Amino acid sequence: MINAAPPQHALKTYPLPNSPNSVDISPDEKLAATEYTVEDESASDSKSFVDFVQVWNFKEGKLAGQLQLQRVEVQAPTWKNFHDPISEPRFVRFSADGSLIAAYVDRVLHVLRTKDLIELRSIKLNGPSSTTSTFKYKGVVRTAVTAPRVRAFELSPKSDVAAVLWVRGMLYGRMELYDLSSGKQLGAWDAPQGFVEFDRDRGMAWHPNGDLILLAVPNETPCLSPGDAPDVFAFGVPSGTIRAELKTGLLVGDIAVTPDNRVLAVDNDCMTVFKDHDPKLKVFDLNTGKHLHDLHGRGTGVRYTISVARNGERVLAYTGKLKIKFDWGDFVANDVRVDATFSVWNLKDYSGVVSSQDLQGLSPSGLRISQSG
């Protein structure tokens with residue numbers, strides 16, 4: 001049935017310990033790299049937050065290597081309520097040939113050799129500057145500082161180059177490119193203005209040819225109807241020149257692109273009482289902007305995250321079901337999660353491959369498909 005989600009089956013799972021912040025699969029699909037944070041509470045007046053990278057032979061459940069990246073000491077405030085001092089996401093990615101692992105933690109890019117996790121270099125990222133504004137509250141002039149933070153991070157499929165998306169506030173985004181071999185910044189450019197902050201740690205994709213980077217720039221805030229402005233842009237690498245742009249008609253969340261220049265986009269909007277109940281995964285032609293095809297979910301849409309295999313043959317997306325819960329006290333409706341699943345389609349003919357079982361705890365922003373799919 002063409003308008004149905006792929007059939008649901010109980011897929012085999014391989015546990016990865018320590019509740020990773022980020023996971024990636026090696027190009028040969030034998031290893032998984034994870035980045036995770038642990039809290040050391042051995043001292044009564046302080047706490048340590050320690051970040052590690054691990055490499056697992058996940059099918060055999062064997063740890064192949066581990067490296068501590070950093071330790072941050074935090075003194076206890078008077079109310080003894082500790083907070084993780086690193087608020088940005090962490091990322092871990094294999095290089096195109098699998099020989100390197102790049103781990104981003106706290107504005108530093110750690111370049112590791114996969115076979116033994118020896119750190120070859122660490123690269124301090126530049127990032128855009130913070131902005132300062134003043135306002136008056138109860139007669140007192142106060143100052144607010146808005147610092148930039150990394151929202152997305154991906155390695156080139158063709159070379160050892162990292163693309164980093166910085167956001168500041170709701171509307172400002174900036175791309176930066178770094179060479180993993182030299183540590184040098186290769187390029188940087190500002191994104192078109194839009195609500196890039198709402199992309200759920202994704203919304204950026206390298207073209208498989210390595211010459212383009214695509215960026216989703218939502219033209220409205222969540223829970224509002226999408227505008228009519230372009231919301232996906234393709235930039236030349238390393239110049240940042242806009243080579244193509246298109247309109248998805250979605251409040252666009254994540255995107256992906258295939259070797260034959262198809263752009264796939266999913267929704268990031270709120271389900272409300274009257275709208276956004278069943279958004280489709282949309283497929284477009286990058287060169288013409290033409291809408292080519294829709295892929296359907298399990299009744300309440302395809303949302304949040306999408307990932308395409310490097311060979312362009314399969315696509316994975318989040319298809320968990322939602323429902324509306326009405327808060328009569330505040331007189332507002334909110335969407336709540338019923339289950340958490342992903343689905344996979346064959347991009348040769350758009351046929352469904354499989355939908356997963358309910359995977360409680362599955363993060364919509366953490367889904368990645370392997371290079372061969």
# chains A, B, ... in the order shown; residues from 1 in each chain; ligands from 1
$ closest_atom_pairs --of "stretch 3-49 of chain A" --to "stretch 299-319 of chain A" --cutoff "10 Å" --atoms "only C-alpha atoms" --output "tab-separated table"
residue	atom	partner	partner_atom	distance
A:Ala4	CA	A:Gly299	CA	8.4
A:Ala5	CA	A:Gly299	CA	8.2
A:Pro27	CA	A:Arg310	CA	9.4
$ residues_around --residues "stretch 206-218 of chain A" --least-positions-apart "3" --cutoff "7 Å" --atoms "only C-alpha atoms" --output "list in words"
Ser156, Pro157, Lys158, Gly194, Phe195, Val196, Gly203, Asp231, Val232, Phe233, Ala234, Phe235, Gly236, Val237, Leu251, Val252, Gly253, Asp254, Ile255, Val257, Thr258, Pro259 and Arg310 of chain A
$ atom_distance --atom1 "atom CA of A:Asp28" --atom2 "atom CA of A:Ala64"
15.1 Å
$ residues_around --residues "stretch 182-187 of chain A" --least-positions-apart "3" --cutoff "9 Å" --atoms "only C-alpha atoms" --output "ChimeraX atom specification"
/A:121-126,161,175-179,237-240
$ select_by_dssp --residues "stretch 14-186 of chain A" --states "strand (DSSP E or B)" --output "CSV table (one decimal) with C-alpha atoms, in the first residue's frame"
chain,number,residue,atom,x,y,z
A,22,SER,CA,26.4,11.0,20.6
A,23,VAL,CA,26.9,7.8,18.6
A,24,ASP,CA,28.3,7.0,15.1
A,25,ILE,CA,28.8,3.8,13.1
A,32,ALA,CA,30.4,2.2,17.1
A,33,ALA,CA,32.0,5.3,18.6
A,34,THR,CA,30.2,6.9,21.6
A,35,GLU,CA,30.7,10.1,23.5
A,36,TYR,CA,29.4,10.2,27.1
A,37,THR,CA,29.6,12.2,30.3
A,38,VAL,CA,29.9,10.9,33.9
A,39,GLU,CA,29.6,12.8,37.1
A,40,ASP,CA,32.1,12.2,39.9
A,46,SER,CA,32.5,19.9,44.4
A,47,LYS,CA,31.6,17.7,41.5
A,48,SER,CA,33.5,16.6,38.4
A,49,PHE,CA,32.0,16.2,34.9
A,50,VAL,CA,34.2,13.9,32.9
A,51,ASP,CA,33.8,13.3,29.1
A,52,PHE,CA,34.9,10.1,27.4
A,53,VAL,CA,35.0,8.6,24.0
A,54,GLN,CA,34.6,4.9,23.6
A,55,VAL,CA,34.9,2.6,20.6
A,56,TRP,CA,32.8,-0.6,20.7
A,57,ASN,CA,32.7,-3.8,18.6
A,62,LYS,CA,33.4,-5.7,23.3
A,63,LEU,CA,35.0,-2.4,24.3
A,64,ALA,CA,37.8,-1.7,21.8
A,65,GLY,CA,39.1,1.5,23.4
A,66,GLN,CA,38.4,4.4,25.7
A,67,LEU,CA,39.9,7.9,26.1
A,68,GLN,CA,39.1,10.7,28.6
A,69,LEU,CA,38.7,14.0,26.8
A,70,GLN,CA,38.3,16.4,29.7
A,71,ARG,CA,37.3,16.9,33.3
A,72,VAL,CA,35.5,20.0,34.6
A,73,GLU,CA,35.4,20.8,38.3
A,74,VAL,CA,32.3,22.5,39.7
A,75,GLN,CA,32.2,24.0,43.2
A,91,PHE,CA,29.2,15.0,18.9
A,92,VAL,CA,31.3,12.1,17.8
A,93,ARG,CA,31.9,11.2,14.1
A,94,PHE,CA,34.0,8.8,12.0
A,100,LEU,CA,39.9,9.0,12.4
A,101,ILE,CA,37.3,9.9,15.0
A,102,ALA,CA,36.4,13.6,15.6
A,103,ALA,CA,34.8,14.4,18.9
A,104,TYR,CA,33.4,17.9,19.7
A,105,VAL,CA,33.2,18.8,23.4
A,108,VAL,CA,37.2,21.9,21.3
A,109,LEU,CA,37.4,19.4,18.4
A,110,HIS,CA,39.5,16.4,19.4
A,111,VAL,CA,41.0,14.4,16.4
A,112,LEU,CA,41.6,10.8,17.4
A,113,ARG,CA,43.2,7.8,15.6
A,119,GLU,CA,44.8,12.1,20.1
A,120,LEU,CA,46.5,13.5,17.1
A,121,ARG,CA,45.5,17.1,17.7
A,122,SER,CA,42.9,19.3,19.4
A,123,ILE,CA,41.4,22.3,17.6
A,124,LYS,CA,40.0,25.2,19.5
A,131,THR,CA,26.4,39.9,21.8
A,132,THR,CA,25.5,42.1,24.7
A,133,SER,CA,22.3,44.0,25.4
A,134,THR,CA,20.9,46.1,28.2
A,135,PHE,CA,17.4,46.3,29.6
A,136,LYS,CA,15.7,47.9,32.6
A,137,TYR,CA,14.0,45.7,35.2
A,140,VAL,CA,17.6,48.7,37.5
A,141,VAL,CA,19.6,48.6,34.2
A,142,ARG,CA,20.8,45.0,33.6
A,143,THR,CA,23.0,43.4,31.0
A,144,ALA,CA,22.3,40.2,29.1
A,145,VAL,CA,25.0,38.3,27.2
A,146,THR,CA,24.0,36.0,24.4
A,149,ARG,CA,26.7,27.6,20.7
A,150,VAL,CA,27.2,24.7,18.3
A,151,ARG,CA,24.0,23.3,17.0
A,152,ALA,CA,25.2,20.7,14.4
A,153,PHE,CA,28.5,19.0,13.5
A,154,GLU,CA,29.3,16.7,10.5
A,155,LEU,CA,32.4,15.5,8.7
A,161,VAL,CA,37.0,18.4,6.9
A,162,ALA,CA,34.5,19.3,9.7
A,163,ALA,CA,31.5,21.5,9.2
A,164,VAL,CA,30.3,23.3,12.4
A,165,LEU,CA,27.0,25.2,12.7
A,166,TRP,CA,26.9,27.9,15.3
A,167,VAL,CA,23.7,29.6,16.5
A,168,ARG,CA,23.2,32.7,18.6
A,172,TYR,CA,21.6,33.9,13.7
A,173,GLY,CA,23.5,31.0,12.3
A,174,ARG,CA,27.1,30.7,11.1
A,175,MET,CA,28.9,27.9,9.3
A,176,GLU,CA,32.6,27.2,9.9
A,177,LEU,CA,34.9,24.6,8.2
A,178,TYR,CA,38.0,23.1,9.8
A,179,ASP,CA,40.7,20.9,8.3
A,185,GLN,CA,39.8,27.1,9.5
A,186,LEU,CA,39.1,26.7,5.8
$ atom_distance --atom1 "atom CA of A:Ala205" --atom2 "atom CA of A:Asp335"
27.6 Å
$ residues_around --residues "stretch 271-287 of chain A" --least-positions-apart "6" --cutoff "7 Å" --atoms "only C-alpha atoms" --output "count of residues only"
19
$ closest_residue --among "A:Pro148, A:Ala10, A:Gly139, A:Leu31" --to "A:Gly98" --atoms "only C-alpha atoms"
A:Leu31
$ closest_residue --among "A:Ser99, A:Leu246, A:Arg298, A:Lys115" --to "A:Leu180" --atoms "only C-alpha atoms"
A:Ser99
$ atom_distance --atom1 "atom CA of A:Ile369" --atom2 "atom CA of A:Thr241"
28.8 Å
$ closest_residue --among "A:Met170, A:Lys12, A:Leu347, A:Ser365" --to "A:Asp260" --atoms "only C-alpha atoms"
A:Leu347
$ closest_residue --among "A:Asp269, A:Trp345, A:Leu292, A:Ser356" --to "A:Gly373" --atoms "only C-alpha atoms"
A:Trp345
